[in-house]
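K.L.:
See my_file_28.cif below, with mmCIF, C-alpha atoms.
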data_entry
#
loop_
_atom_site.label_atom_id
_atom_site.label_comp_id
_atom_site.auth_asym_id
_atom_site.auth_seq_id
_atom_site.Cartn_x
_atom_site.Cartn_y
_atom_site.Cartn_z
CA ALA A 989 -16.06 30.99 38.76
CA SER A 990 -18.39 33.18 36.68
CA GLU A 991 -15.42 34.31 34.54
CA ALA A 992 -14.03 30.81 34.20
CA LEU A 993 -17.13 29.46 32.46
CA PRO A 994 -17.00 31.87 29.48
CA ARG A 995 -13.29 31.12 29.10
CA MET A 996 -14.02 27.39 29.03
CA LEU A 997 -16.77 27.95 26.48
CA ARG A 998 -14.47 30.02 24.28
CA PHE A 999 -11.81 27.32 24.54
CA ALA A 1000 -14.30 24.59 23.64
CA THR A 1001 -15.66 26.65 20.75
CA GLY A 1002 -12.14 27.32 19.47
CA LEU A 1003 -11.24 23.65 19.73
CA ALA A 1004 -14.38 22.61 17.86
CA THR A 1005 -13.76 25.25 15.18
CA GLY A 1006 -10.19 24.05 14.76
CA ALA A 1007 -11.38 20.47 14.48
CA VAL A 1008 -13.90 21.36 11.78
CA ALA A 1009 -11.31 23.43 9.91
CA GLY A 1010 -8.71 20.69 10.17
CA TYR A 1011 -11.12 18.11 8.80
CA CYS A 1012 -12.95 20.12 6.16
CA CYS A 1013 -10.54 22.72 4.83
CA PRO A 1014 -7.91 20.29 3.51
CA LYS A 1015 -10.59 19.24 1.02
CA ILE A 1016 -10.14 22.69 -0.54
CA ASP A 1017 -6.84 22.41 -2.39
CA ALA A 1018 -5.84 26.07 -1.99
CA LEU A 1019 -6.25 25.90 1.80
CA ALA A 1020 -4.63 22.50 2.34
CA PRO A 1021 -1.09 23.83 3.02
CA TYR A 1022 -2.44 25.98 5.86
CA THR A 1023 -4.87 23.53 7.44
CA ALA A 1024 -2.95 20.26 7.03
CA PRO A 1025 -0.95 20.93 10.23
CA ILE A 1026 -4.22 21.11 12.16
CA GLU A 1027 -5.28 17.77 10.76
CA ASP A 1028 -1.88 16.25 11.58
CA ALA A 1029 -2.02 17.63 15.13
CA MET A 1030 -5.49 16.19 15.66
CA ARG A 1031 -4.25 12.81 14.49
CA MET A 1032 -1.57 12.92 17.19
CA LEU A 1033 -4.11 13.34 19.98
CA PRO A 1034 -4.26 10.32 22.32
CA LEU A 1035 -7.70 9.26 21.09
CA PRO A 1036 -8.82 5.62 21.03
CA LYS A 1037 -7.86 3.78 17.85
CA PRO A 1038 -9.89 0.93 16.34
CA SER A 1039 -8.76 -2.60 17.02
CA LEU A 1040 -7.38 -3.94 13.72
CA LYS A 1041 -6.59 -7.49 12.66
CA LEU A 1042 -5.20 -8.07 9.17
CA THR A 1043 -5.45 -11.61 7.81
CA TYR A 1044 -3.44 -12.80 4.81
CA PHE A 1045 -1.10 -15.57 3.74
CA ASP A 1046 2.41 -15.77 5.17
CA ILE A 1047 3.85 -13.92 2.18
CA GLU A 1048 4.13 -10.24 1.26
CA GLY A 1049 1.69 -10.29 -1.67
CA VAL A 1050 -1.16 -7.79 -1.95
CA ALA A 1051 -1.30 -7.26 1.81
CA GLU A 1052 2.22 -5.88 2.10
CA LYS A 1053 1.29 -2.35 1.06
CA ILE A 1054 -1.29 -2.39 3.87
CA ARG A 1055 1.19 -3.68 6.43
CA LEU A 1056 3.75 -1.06 5.38
CA THR A 1057 1.20 1.75 5.61
CA CYS A 1058 0.26 0.69 9.13
CA ARG A 1059 3.90 0.47 10.18
CA VAL A 1060 5.04 3.75 8.64
CA GLY A 1061 1.86 5.48 9.78
CA GLY A 1062 2.20 4.25 13.36
CA LEU A 1063 -1.09 2.35 13.31
CA PRO A 1064 -1.11 -0.77 15.53
CA PHE A 1065 -2.56 -3.93 13.99
CA ALA A 1066 -2.56 -7.67 14.57
CA ASP A 1067 -0.80 -9.41 11.68
CA HIS A 1068 -2.50 -12.79 11.29
CA ARG A 1069 -0.80 -15.13 8.80
CA VAL A 1070 -2.64 -18.06 7.20
CA LYS A 1071 -0.79 -21.15 5.98
CA PHE A 1072 -1.60 -22.22 2.44
CA GLU A 1073 -2.66 -25.66 3.61
CA GLU A 1074 -5.26 -24.01 5.90
CA TRP A 1075 -6.85 -21.99 3.12
CA ALA A 1076 -9.12 -24.65 1.55
CA ALA A 1077 -11.01 -25.12 4.82
CA MET A 1078 -10.98 -21.41 5.64
CA LYS A 1079 -12.06 -20.06 2.22
CA PRO A 1080 -15.82 -20.83 2.49
CA THR A 1081 -15.96 -19.00 5.83
CA THR A 1082 -14.51 -15.72 4.47
CA LYS A 1083 -16.53 -12.75 3.26
CA PHE A 1084 -15.87 -13.06 -0.49
CA GLY A 1085 -13.77 -16.22 -0.52
CA GLN A 1086 -10.54 -14.25 -0.68
CA LEU A 1087 -7.79 -12.62 1.34
CA PRO A 1088 -6.76 -10.16 2.70
CA LEU A 1089 -9.37 -9.41 5.33
CA LEU A 1090 -9.37 -6.59 7.85
CA GLU A 1091 -11.25 -6.94 11.12
CA VAL A 1092 -12.19 -3.54 12.57
CA ASP A 1093 -13.53 -3.69 16.12
CA GLY A 1094 -14.91 -7.15 15.41
CA GLU A 1095 -16.43 -6.47 11.97
CA THR A 1096 -14.73 -7.91 8.88
CA TYR A 1097 -14.01 -6.13 5.60
CA ALA A 1098 -12.43 -7.34 2.34
CA GLN A 1099 -10.74 -6.00 -0.81
CA SER A 1100 -7.11 -4.89 -0.53
CA SER A 1101 -7.65 -1.51 -2.20
CA ALA A 1102 -10.49 -0.64 0.18
CA ILE A 1103 -8.44 -1.74 3.18
CA LEU A 1104 -5.44 0.26 1.98
CA ALA A 1105 -7.57 3.40 1.60
CA TYR A 1106 -9.03 2.92 5.08
CA VAL A 1107 -5.71 2.55 6.89
CA GLY A 1108 -4.38 5.40 4.76
CA LYS A 1109 -7.11 7.66 6.10
CA LEU A 1110 -6.44 6.57 9.68
CA THR A 1111 -2.72 7.29 9.33
CA GLY A 1112 -2.96 10.43 7.19
CA MET A 1113 -1.09 8.65 4.40
CA TYR A 1114 -4.09 8.98 2.09
CA PRO A 1115 -4.05 12.75 1.44
CA SER A 1116 -7.30 14.57 2.15
CA ALA A 1117 -6.68 17.46 -0.28
CA PRO A 1118 -8.60 16.47 -3.44
CA LEU A 1119 -5.84 17.18 -5.96
CA VAL A 1120 -3.17 15.39 -3.91
CA ALA A 1121 -5.57 12.47 -3.42
CA LEU A 1122 -6.08 12.41 -7.21
CA LYS A 1123 -2.30 12.15 -7.74
CA THR A 1124 -2.19 9.34 -5.18
CA ASP A 1125 -4.97 7.42 -6.92
CA GLU A 1126 -3.28 8.03 -10.28
CA LEU A 1127 -0.08 6.40 -9.04
CA LEU A 1128 -2.05 3.51 -7.57
CA GLY A 1129 -3.63 3.05 -11.00
CA VAL A 1130 -0.22 2.85 -12.70
CA HIS A 1131 0.87 0.37 -10.02
CA GLU A 1132 -2.23 -1.76 -10.57
CA ASP A 1133 -1.84 -1.71 -14.38
CA LEU A 1134 1.50 -3.47 -13.97
CA MET A 1135 0.06 -5.95 -11.46
CA ALA A 1136 -2.74 -6.72 -13.93
CA ALA A 1137 -0.18 -7.38 -16.67
CA ILE A 1138 1.72 -9.83 -14.44
CA ARG A 1139 -1.32 -11.64 -13.03
CA PRO A 1140 -2.06 -13.92 -16.04
CA SER A 1141 1.46 -15.37 -15.79
CA LEU A 1142 0.65 -16.42 -12.23
CA LEU A 1143 -2.83 -17.77 -12.94
CA VAL A 1144 -1.78 -19.89 -15.92
CA MET A 1145 0.09 -22.23 -13.57
CA ARG A 1146 -3.24 -23.10 -11.92
CA ASP A 1147 -4.90 -24.17 -15.19
CA GLU A 1148 -5.24 -27.91 -14.69
CA LYS A 1149 -6.63 -28.35 -18.20
CA LEU A 1150 -3.10 -27.74 -19.51
CA SER A 1151 -0.12 -30.02 -19.12
CA LEU A 1152 2.68 -28.84 -16.84
CA ARG A 1153 4.95 -28.36 -19.85
CA GLU A 1154 2.34 -26.21 -21.62
CA ARG A 1155 1.72 -24.14 -18.49
CA GLN A 1156 5.45 -23.52 -18.15
CA ARG A 1157 5.75 -22.64 -21.83
CA ARG A 1158 2.92 -20.13 -21.65
CA GLN A 1159 4.21 -18.62 -18.43
CA ALA A 1160 7.68 -18.15 -19.91
CA GLU A 1161 6.13 -16.43 -22.93
CA MET A 1162 4.05 -14.13 -20.74
CA ARG A 1163 6.97 -13.29 -18.45
CA LYS A 1164 9.11 -12.39 -21.45
CA ALA A 1165 6.50 -9.81 -22.47
CA VAL A 1166 6.29 -8.53 -18.88
CA ALA A 1167 10.06 -8.17 -18.56
CA GLU A 1168 10.61 -6.63 -22.00
CA LYS A 1169 7.49 -4.44 -22.31
CA ASN A 1170 5.31 -3.95 -19.22
CA ILE A 1171 8.01 -3.41 -16.62
CA PRO A 1172 10.09 -0.97 -18.71
CA GLU A 1173 6.96 1.02 -19.64
CA THR A 1174 5.80 1.23 -16.04
CA PHE A 1175 9.22 2.00 -14.61
CA ALA A 1176 9.61 4.81 -17.18
CA ARG A 1177 6.30 6.23 -15.94
CA TYR A 1178 7.48 5.97 -12.35
CA GLU A 1179 10.71 7.71 -13.32
CA ARG A 1180 8.83 10.63 -14.90
CA MET A 1181 6.49 10.94 -11.91
CA LEU A 1182 9.42 11.10 -9.51
CA GLU A 1183 11.09 13.72 -11.70
CA THR A 1184 7.90 15.80 -11.63
CA SER A 1185 7.59 15.45 -7.87
CA GLY A 1186 11.21 16.32 -7.16
CA LYS A 1187 10.70 15.37 -3.51
CA GLY A 1188 12.13 11.87 -3.36
CA TRP A 1189 8.62 10.54 -2.76
CA PHE A 1190 6.08 10.27 -5.56
CA ILE A 1191 3.38 12.62 -4.31
CA ALA A 1192 4.36 14.76 -1.36
CA ASP A 1193 7.31 15.44 0.94
CA LYS A 1194 6.35 12.38 2.98
CA PRO A 1195 5.19 8.86 2.04
CA THR A 1196 1.63 8.08 0.99
CA ILE A 1197 -0.21 4.80 0.55
CA ALA A 1198 0.83 4.87 -3.12
CA ASP A 1199 4.51 5.07 -2.17
CA MET A 1200 4.01 2.01 0.03
CA ALA A 1201 2.27 0.17 -2.83
CA VAL A 1202 5.18 0.87 -5.19
CA LEU A 1203 7.70 -0.09 -2.51
CA ALA A 1204 6.01 -3.47 -2.00
CA GLN A 1205 5.85 -3.97 -5.78
CA LEU A 1206 9.54 -3.16 -6.26
CA ARG A 1207 10.52 -5.55 -3.45
CA TRP A 1208 8.67 -8.31 -5.31
CA LEU A 1209 9.99 -7.53 -8.78
CA THR A 1210 13.62 -7.29 -7.63
CA SER A 1211 13.45 -10.34 -5.37
CA GLY A 1212 14.22 -12.93 -8.03
CA LEU A 1213 11.02 -14.79 -7.11
CA LEU A 1214 9.44 -14.21 -10.53
CA ASP A 1215 10.98 -16.46 -13.15
CA GLY A 1216 11.90 -14.41 -16.19
CA VAL A 1217 12.08 -11.12 -14.29
CA PRO A 1218 15.69 -10.28 -13.38
CA LYS A 1219 16.61 -8.68 -10.07
CA SER A 1220 18.34 -5.98 -12.08
CA CYS A 1221 15.09 -4.84 -13.72
CA ILE A 1222 15.27 -1.56 -11.77
CA ASP A 1223 18.71 -0.69 -13.18
CA GLY A 1224 18.57 2.16 -15.66
CA TYR A 1225 15.97 4.07 -13.64
CA PRO A 1226 18.05 6.20 -11.25
CA ARG A 1227 15.22 8.13 -9.62
CA LEU A 1228 13.18 4.98 -9.08
CA LYS A 1229 16.21 3.18 -7.64
CA ALA A 1230 16.88 6.13 -5.30
CA PHE A 1231 13.23 6.04 -4.21
CA PHE A 1232 13.48 2.30 -3.55
CA MET A 1233 16.56 2.79 -1.39
CA ARG A 1234 14.99 5.73 0.46
CA ALA A 1235 11.72 3.93 1.15
CA SER A 1236 13.50 0.72 2.15
CA SER A 1237 15.68 2.63 4.63
CA HIS A 1238 12.74 4.32 6.36
CA PRO A 1239 13.19 3.46 10.07
CA GLU A 1240 9.79 1.77 10.38
CA VAL A 1241 10.31 -0.21 7.17
CA GLU A 1242 13.70 -1.42 8.37
CA LYS A 1243 12.21 -2.39 11.75
CA TRP A 1244 9.39 -4.25 10.02
CA TYR A 1245 11.66 -6.43 7.90
CA THR A 1246 14.06 -7.01 10.78
CA MET A 1247 11.08 -8.38 12.71
CA GLN A 1248 10.12 -10.65 9.81
CA LYS A 1249 13.56 -12.30 9.85
CA LYS A 1250 13.21 -13.42 13.47
#
What would the structure in this file look like if it were written as structure tokens?
P.N.:
Amino acid sequence: ASEALPRMLRFATGLATGAVAGYCCPKIDALAPYTAPIEDAMRMLPLPKPSLKLTYFDIEGVAEKIRLTCRVGGLPFADHRVKFEEWAAMKPTTKFGQLPLLEVDGETYAQSSAILAYVGKLTGMYPSAPLVALKTDELLGVHEDLMAAIRPSLLVMRDEKLSLRERQRRQAEMRKAVAEKNIPETFARYERMLETSGKGWFIADKPTIADMAVLAQLRWLTSGLLDGVPKSCIDGYPRLKAFFMRASSHPEVEKWYTMQKK
């Protein structure tokens, strides 16, 4: 018994040291390749996970990148869908008068980018190595630049000060600029980033939260749901198209969209 205690202490000390190394060392870029496996192994331990409830409309929208991250990252969550006709009554009761919302163990948080970063950290899909995290945030910025360019063409249809004909005219004008300028510019950037990566994914040899954001964006832009944006907009970008096919065929992504059809 007297010999067993020191062995237990050495084991506990070793475990604690490994935990600290796995958490801290990936934040040193040069050590990340050696310590990342420790971090991944710790994430696989059967430790309690927070109870998550994601609330958004019954569309893909800005919440889809969060849903995809949870699915691909193996993070359980309750997917609560709000009907549009329910939103007027619900809006005043929400944190900032907007969706999505994430409930974590009973406490509610807002802002899709903050929620995405959080679930990315829980799943390991938000890289902890600083330089890799920087590349991830860079891609998210390119993704958001395109979303910002498209957004006015959505909001103009809500401007009740304009006639329906004028709203439609302005939207068509905006969408023409999006289809002929913003999308080609962004897709060319995506193409170059994939060429630089050379891994099939944008950042690493496995998907990150930024890959999920781009996947959700490409699903939307090639869906035919945006008037003036053709489904074929991805044609002419072979690396991006290959990424889209690869990400879409990920087993958890396929399962997710099979579930949505039921």
K.L.:
Could you expand the PyMOL selection byres ((chain A and resi 1245) around 12) into the explicit residues it covers here, written as a list in words?
P.N.:
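After applying the PyMOL selection byres ((chain A and resi 1245) around 12), what remains is Glu1048, Glu1052, Arg1055, Leu1056, Arg1059, Ala1204, Arg1207, Ser1236, Ser1237, His1238, Pro1239, Glu1240, Val1241, Glu1242, Lys1243, Trp1244, Thr1246, Met1247, Gln1248, Lys1249 and Lys1250 of chain A.
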K.L.:
Select, from A:Lys1079, A:Arg1227, A:Arg1069, A:Arg1163, the residue with the minimum atom-to-atom distance to Glu1179 of chain A, counting all atoms listed in the file.
P.N.:
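Selected residue with least distance to Glu1179 of chain A: A:Arg1227.
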K.L.:
Given the file shown, enumerate the residues that the PyMOL selection byres ((chain A and resi 1121) around 12) captures and present them as a PyMOL selection string.
P.N.:
chain A and resi 1014-1017+1020+1105+1108-1109+1112-1120+1122-1128+1191-1192+1196-1198
K.L.:
Could you tell me which of A:Ala1076, A:Ile1047, A:Leu1090, A:Ala1235 comes closest to Asp1199 of chain A if we count only C-alpha atoms?
P.N.:
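Answer, going by the shortest atom-to-atom distance: A:Ala1235.
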K.L.:
Just to confirm, what's the straight-line distance from atom CA of Leu1209 of chain A to atom CA of Cys1221 of chain A in Å (one decimal)?
P.N.:
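Calculated distance between atom CA of Leu1209 of chain A and atom CA of Cys1221 of chain A is 7.6 Å.
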K.L.:
Pull out every residue that the PyMOL selection byres ((chain A and resi 1144) around 12) matches in the shown coordinates and put them as a list in words.
P.N.:
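Here the PyMOL selection byres ((chain A and resi 1144) around 12) matches Ile1138, Arg1139, Pro1140, Ser1141, Leu1142, Leu1143, Met1145, Arg1146, Asp1147, Glu1148, Lys1149, Leu1150, Ser1151, Leu1152, Arg1153, Glu1154, Arg1155, Gln1156, Arg1157, Arg1158, Gln1159, Ala1160, Glu1161, Met1162 and Arg1163 of chain A.
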K.L.:
May I ask for the distance between atom CA of Thr1081 of chain A and atom CA of Pro1038 of chain A, given in Å to one decimal place?
P.N.:
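Going from atom CA of Thr1081 of chain A over to atom CA of Pro1038 of chain A covers 23.3 Å.
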K.L.:
Could you jot down the atom CA of Asp1046 of chain A to atom CA of Gly1062 of chain A separation for me, Å, one decimal place?
P.N.:
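Computing it gives 21.6 Å between the two atoms.
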K.L.:
Find the spatial neighbours of Pro1064 of chain A, counting only C-alpha atoms, within a cut-off of 12 Å - ignore same-chain residues fewer than 5 positions away - and output them as a VMD selection string.
P.N.:
chain A and resid 1036 to 1042 1054 to 1059 1092 1107 1110 to 1111
K.L.:
Within 7 Å of Ala1167 of chain A, counting all atoms listed in the file, which residues qualify if same-chain residues fewer than 4 places away don't, as a ChimeraX atom specification?
P.N.:
/A:1163,1171,1216-1217
K.L.:
Which residue out of A:Lys1219, A:Lys1169, A:Arg1234, A:Arg1177 has the minimum interatomic distance to Trp1189 of chain A when all atoms listed in the file are used?
P.N.:
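Once distances to Trp1189 of chain A are computed over all atoms listed in the file, the minimum belongs to A:Arg1234.
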K.L.:
Residues near Ala1176 of chain A, anyone? I mean within 8 Å using all atoms listed in the file, not counting same-chain ones fewer than 4 positions away, as a PyMOL selection string.
P.N.:
chain A and resi 1172+1180+1225
